[in-house]
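Enquirer: Sharing data-v9.tsv here; it has TSV, C-alpha atoms.
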```tsv
chain	number	residue	atom	x	y	z
U	1	MET	CA	-12.50	5.77	-17.32
U	2	THR	CA	-9.20	6.25	-19.07
U	3	VAL	CA	-6.37	8.64	-18.36
U	4	GLU	CA	-5.18	11.27	-20.81
U	5	ILE	CA	-1.68	12.52	-21.46
U	6	GLY	CA	-1.24	16.04	-20.10
U	7	LYS	CA	-4.07	15.69	-17.56
U	8	LYS	CA	-3.70	15.37	-13.78
U	9	ALA	CA	-3.31	11.77	-12.64
U	10	PRO	CA	-6.31	10.50	-10.67
U	11	LYS	CA	-5.63	10.82	-6.95
U	12	PHE	CA	-5.51	7.71	-4.84
U	13	LYS	CA	-4.80	6.40	-1.37
U	14	LEU	CA	-4.08	2.69	-1.16
U	15	ILE	CA	-2.59	0.36	1.45
U	16	SER	CA	0.87	-1.01	0.68
U	17	ASP	CA	2.32	-4.44	1.36
U	18	GLU	CA	3.77	-2.90	4.55
U	19	GLY	CA	0.31	-1.88	5.78
U	20	GLN	CA	1.02	1.83	5.22
U	21	GLN	CA	-1.35	4.17	3.41
U	22	VAL	CA	0.25	5.40	0.20
U	23	ASP	CA	-1.06	8.62	-1.32
U	24	LEU	CA	-0.10	9.70	-4.83
U	25	ALA	CA	0.58	13.14	-3.31
U	26	ASP	CA	3.41	11.54	-1.28
U	27	PHE	CA	5.44	11.47	-4.50
U	28	ALA	CA	5.13	15.13	-5.51
U	29	GLY	CA	8.42	16.19	-7.07
U	30	LYS	CA	9.20	12.66	-8.31
U	31	LYS	CA	8.30	10.75	-11.43
U	32	VAL	CA	6.03	7.79	-10.74
U	33	VAL	CA	5.91	4.57	-12.74
U	34	LEU	CA	2.52	3.16	-11.78
U	35	TYR	CA	2.08	-0.33	-13.15
U	36	PHE	CA	-1.08	-2.40	-12.92
U	37	TYR	CA	-0.89	-6.17	-12.98
U	38	PRO	CA	-3.43	-8.99	-12.68
U	39	ARG	CA	-2.17	-11.23	-9.88
U	40	ASP	CA	0.72	-11.87	-7.51
U	41	SER	CA	3.03	-14.82	-8.21
U	42	THR	CA	1.71	-15.65	-11.68
U	43	PRO	CA	4.36	-16.16	-14.39
U	44	GLY	CA	3.80	-12.93	-16.35
U	45	CYS	CA	3.35	-10.78	-13.27
U	46	THR	CA	6.46	-12.25	-11.68
U	47	ARG	CA	8.57	-11.57	-14.80
U	48	GLU	CA	7.27	-8.00	-14.97
U	49	ALA	CA	7.95	-7.32	-11.27
U	50	CYS	CA	11.43	-8.84	-11.48
U	51	ASP	CA	12.25	-6.76	-14.58
U	52	PHE	CA	11.30	-3.60	-12.69
U	53	LYS	CA	13.32	-4.86	-9.69
U	54	ASP	CA	16.42	-5.53	-11.79
U	55	LYS	CA	16.27	-2.07	-13.35
U	56	LEU	CA	15.21	-0.16	-10.23
U	57	PRO	CA	18.62	1.57	-9.79
U	58	GLN	CA	18.23	2.99	-13.32
U	59	PHE	CA	14.71	4.22	-12.50
U	60	HIS	CA	16.03	5.88	-9.35
U	61	LYS	CA	18.86	7.57	-11.31
U	62	LYS	CA	16.17	9.12	-13.51
U	63	GLY	CA	14.26	10.38	-10.47
U	64	ALA	CA	11.46	7.83	-10.70
U	65	VAL	CA	9.76	5.55	-8.19
U	66	VAL	CA	8.02	2.32	-9.15
U	67	LEU	CA	4.67	1.27	-7.66
U	68	GLY	CA	2.83	-1.94	-8.48
U	69	VAL	CA	-0.96	-2.15	-8.12
U	70	SER	CA	-3.30	-5.14	-8.18
U	71	ARG	CA	-6.51	-6.27	-6.48
U	72	ASP	CA	-4.56	-8.77	-4.36
U	73	SER	CA	-4.59	-8.41	-0.57
U	74	THR	CA	-1.72	-6.91	1.38
U	75	ALA	CA	-1.00	-10.41	2.76
U	76	SER	CA	-0.66	-11.74	-0.80
U	77	HIS	CA	1.59	-8.78	-1.69
U	78	GLN	CA	3.78	-9.48	1.34
U	79	LYS	CA	4.35	-13.09	0.25
U	80	PHE	CA	5.00	-12.09	-3.38
U	81	LYS	CA	7.40	-9.33	-2.35
U	82	ALA	CA	9.31	-11.59	0.06
U	83	LYS	CA	9.51	-14.52	-2.38
U	84	PHE	CA	11.03	-12.40	-5.15
U	85	ASP	CA	12.80	-9.77	-3.00
U	86	LEU	CA	10.90	-6.90	-4.60
U	87	PRO	CA	12.27	-3.54	-3.39
U	88	PHE	CA	9.30	-1.31	-4.29
U	89	PRO	CA	5.78	-0.94	-2.84
U	90	LEU	CA	2.95	-3.17	-3.97
U	91	LEU	CA	-0.41	-1.50	-3.45
U	92	SER	CA	-3.69	-3.27	-2.80
U	93	ASP	CA	-6.80	-2.06	-4.63
U	94	PRO	CA	-9.36	-4.69	-3.54
U	95	ASP	CA	-12.42	-2.82	-4.83
U	96	GLY	CA	-10.72	-1.92	-8.12
U	97	LYS	CA	-11.58	1.79	-7.96
U	98	VAL	CA	-8.04	2.94	-8.74
U	99	LEU	CA	-7.74	0.34	-11.49
U	100	GLU	CA	-10.94	1.72	-13.02
U	101	ALA	CA	-9.81	5.34	-12.65
U	102	TYR	CA	-6.64	4.54	-14.59
U	103	GLY	CA	-8.35	2.45	-17.28
U	104	ALA	CA	-6.72	-0.76	-16.03
U	105	TRP	CA	-9.99	-2.63	-15.42
U	106	GLY	CA	-12.24	-3.85	-18.19
U	107	GLU	CA	-12.82	-6.37	-20.92
U	108	LYS	CA	-9.88	-8.38	-22.14
U	109	VAL	CA	-9.28	-11.57	-24.06
U	110	MET	CA	-7.44	-14.42	-22.34
U	111	TYR	CA	-6.89	-17.75	-24.09
U	112	GLY	CA	-9.51	-16.78	-26.66
U	113	LYS	CA	-12.20	-15.94	-24.09
U	114	LYS	CA	-13.52	-12.49	-23.30
U	115	LEU	CA	-13.57	-11.64	-19.62
U	116	ILE	CA	-13.56	-8.66	-17.28
U	117	GLY	CA	-10.42	-8.15	-15.23
U	118	VAL	CA	-7.20	-6.26	-14.69
U	119	ILE	CA	-5.65	-4.98	-17.91
U	120	ARG	CA	-1.86	-5.07	-17.59
U	121	SER	CA	-0.91	-1.45	-18.15
U	122	THR	CA	1.49	1.25	-16.99
U	123	VAL	CA	1.16	4.98	-16.48
U	124	LEU	CA	4.08	7.42	-16.20
U	125	ILE	CA	3.33	10.45	-14.01
U	126	ASP	CA	5.62	13.48	-13.91
U	127	GLU	CA	6.85	15.45	-10.91
U	128	LYS	CA	3.78	17.72	-11.03
U	129	GLY	CA	1.29	14.84	-11.03
U	130	LYS	CA	0.47	14.93	-14.74
U	131	ILE	CA	0.20	11.92	-17.03
U	132	VAL	CA	3.20	11.79	-19.39
U	133	ARG	CA	2.70	8.41	-21.04
U	134	VAL	CA	0.28	5.49	-20.94
U	135	TRP	CA	1.03	1.92	-21.97
U	136	PRO	CA	-2.30	0.10	-22.36
U	137	LYS	CA	-2.30	-3.69	-22.74
U	138	VAL	CA	1.39	-4.17	-21.88
U	139	LYS	CA	3.45	-7.07	-23.17
U	140	VAL	CA	5.82	-8.07	-20.36
U	141	GLU	CA	8.91	-8.75	-22.45
U	142	GLY	CA	11.00	-5.57	-22.73
U	143	HIS	CA	8.41	-3.37	-21.03
U	144	ALA	CA	10.64	-2.10	-18.20
U	145	ASP	CA	13.24	-1.07	-20.80
U	146	GLU	CA	10.56	0.74	-22.79
U	147	VAL	CA	9.50	2.70	-19.69
U	148	LEU	CA	13.15	3.54	-18.93
U	149	GLY	CA	13.57	4.77	-22.49
U	150	GLU	CA	10.65	7.15	-22.00
U	151	LEU	CA	12.22	8.58	-18.84
```
Turn the structure described in the file into structure tokens.
Expert:
Amino acid sequence: MTVEIGKKAPKFKLISDEGQQVDLADFAGKKVVLYFYPRDSTPGCTREACDFKDKLPQFHKKGAVVLGVSRDSTASHQKFKAKFDLPFPLLSDPDGKVLEAYGAWGEKVMYGKKLIGVIRSTVLIDEKGKIVRVWPKVKVEGHADEVLGEL
């Protein structure tokens, strides 16, 4: 499944790195930057998370929250968050259902080989829960700035 601009964002309830259930509905009235990444503590995922961390005050000034989602466990998220002092929730989607609902799971090419996995992507959701923008197949460099520019 893929998401469409102007449509309601797929609902979800996932467990955060703090062991709390996070529901998309919890963020009604706020913009949500929902970014999907392959794996905690890998070079690209670390750069992406740290870019969002460094720019988080700017996201907050624009009324947006940042949420990271991967299939990693909450224990893995806790270590990743602590190691890099990440100030936003990391959500665990072990069965990949939310990743699939947002089009962030599927075939990709890595080092010349086709495989099925997490597709690094970002979705911007408005205050009413509608999809405003989708970034499929994100390149890490400059991505946080691109999302800020859209806000």
Enquirer: Between U:Leu86, U:Val147, U:Lys108, U:Lys97, which is the closest to Arg47 of chain U once you count only C-alpha atoms?
Expert: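 Result for the nearest residue to Arg47 of chain U: U:Leu86.
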Enquirer: When you look at segment 124-128 of chain U with a cut-off of 10 Å (counting all atoms listed in the file), what residues show up, excluding the ones that are within fewer than 5 positions of it in the same chain? I need them as a tab-separated table (two decimals) with C-alpha atoms, keeping the file's coordinate frame.
Expert:
```tsv
chain	number	residue	atom	x	y	z
U	5	ILE	CA	-1.68	12.52	-21.46
U	6	GLY	CA	-1.24	16.04	-20.10
U	7	LYS	CA	-4.07	15.69	-17.56
U	8	LYS	CA	-3.70	15.37	-13.78
U	9	ALA	CA	-3.31	11.77	-12.64
U	24	LEU	CA	-0.10	9.70	-4.83
U	25	ALA	CA	0.58	13.14	-3.31
U	27	PHE	CA	5.44	11.47	-4.50
U	28	ALA	CA	5.13	15.13	-5.51
U	29	GLY	CA	8.42	16.19	-7.07
U	30	LYS	CA	9.20	12.66	-8.31
U	31	LYS	CA	8.30	10.75	-11.43
U	32	VAL	CA	6.03	7.79	-10.74
U	33	VAL	CA	5.91	4.57	-12.74
U	34	LEU	CA	2.52	3.16	-11.78
U	35	TYR	CA	2.08	-0.33	-13.15
U	63	GLY	CA	14.26	10.38	-10.47
U	64	ALA	CA	11.46	7.83	-10.70
U	65	VAL	CA	9.76	5.55	-8.19
U	66	VAL	CA	8.02	2.32	-9.15
U	133	ARG	CA	2.70	8.41	-21.04
U	134	VAL	CA	0.28	5.49	-20.94
U	135	TRP	CA	1.03	1.92	-21.97
U	147	VAL	CA	9.50	2.70	-19.69
U	150	GLU	CA	10.65	7.15	-22.00
U	151	LEU	CA	12.22	8.58	-18.84
```
Enquirer: Near Gly106 of chain U, within 8 Å and counting all atoms listed in the file, which residues show up once chain neighbours fewer than 2 positions away are dropped, as a VMD selection string?
Expert: chain U and resid 100 103 to 104 108 116 to 119
Enquirer: Work out how far apart atom CA of Phe84 of chain U and atom CA of Phe36 of chain U are and give it in Å to one decimal.
Expert: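 Between atom CA of Phe84 of chain U and atom CA of Phe36 of chain U the gap is 17.5 Å.
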Enquirer: Could you tell me how far atom CA of Asp40 of chain U lies from atom CA of Pro87 of chain U, in Å and to one decimal?
Expert: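 Interatomic distance here is 14.8 Å.
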Enquirer: Padding of 3 Å on every side, edges along x, y and z, all listed atoms of segment 116-133 of chain U included: what centre and edge lengths in Å, to one decimal, does that box have, as JSON?
Expert:
```
{"center_x": -3.4, "center_y": 4.5, "center_z": -16.0, "size_x": 26.4, "size_y": 32.4, "size_z": 16.1}
```
Enquirer: Work out how far atom CA of Gln20 of chain U is from atom CA of Ala144 of chain U, in Å to one decimal.
Expert: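 Computing it gives 25.6 Å between the two atoms.
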Enquirer: For each of U:His60, U:Arg39, U:Lys11, U:Lys130, take the minimum atom-to-atom distance to Leu148 of chain U, counting only C-alpha atoms, then give the residue where this is smallest.
Expert: U:His60
Enquirer: Counting only C-alpha atoms, which residues come within 12 Å of (-4.8, -10.8, 2.2), with the point read in the file's coordinates, and could you list them as a list in words?
Expert: Ile15, Ser16, Asp17, Glu18, Gly19, Asp40, Ser70, Arg71, Asp72, Ser73, Thr74, Ala75, Ser76, His77, Gln78, Lys79, Phe80, Leu91, Ser92, Asp93 and Pro94 of chain U
Enquirer: Counting only C-alpha atoms, figure out which residue out of U:Phe88, U:Cys50, U:Thr42, U:Asp95 gets nearest to Leu14 of chain U.
Expert: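 Among the listed residues, U:Asp95 lies closest to Leu14 of chain U.
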Enquirer: Let me make sure I understand: among U:Ala82, U:Asp145, U:Ile131, U:Lys137, which one has the smallest atom-to-atom distance to Val109 of chain U if we use all atoms listed in the file?
Expert: U:Lys137
Enquirer: My list of candidates is U:Leu99, U:Val3, U:Leu56, U:Leu90. Which is closest to Val22 of chain U when distances are computed with only C-alpha atoms?
Expert: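 Distance minimum relative to Val22 of chain U lands on U:Leu90.
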Enquirer: Which residue gives the smallest distance to Glu107 of chain U among U:Val140, U:Arg120, U:Gln58, U:Glu146, with only C-alpha atoms counted?
Expert: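 Closest to Glu107 of chain U of all the choices is U:Arg120.
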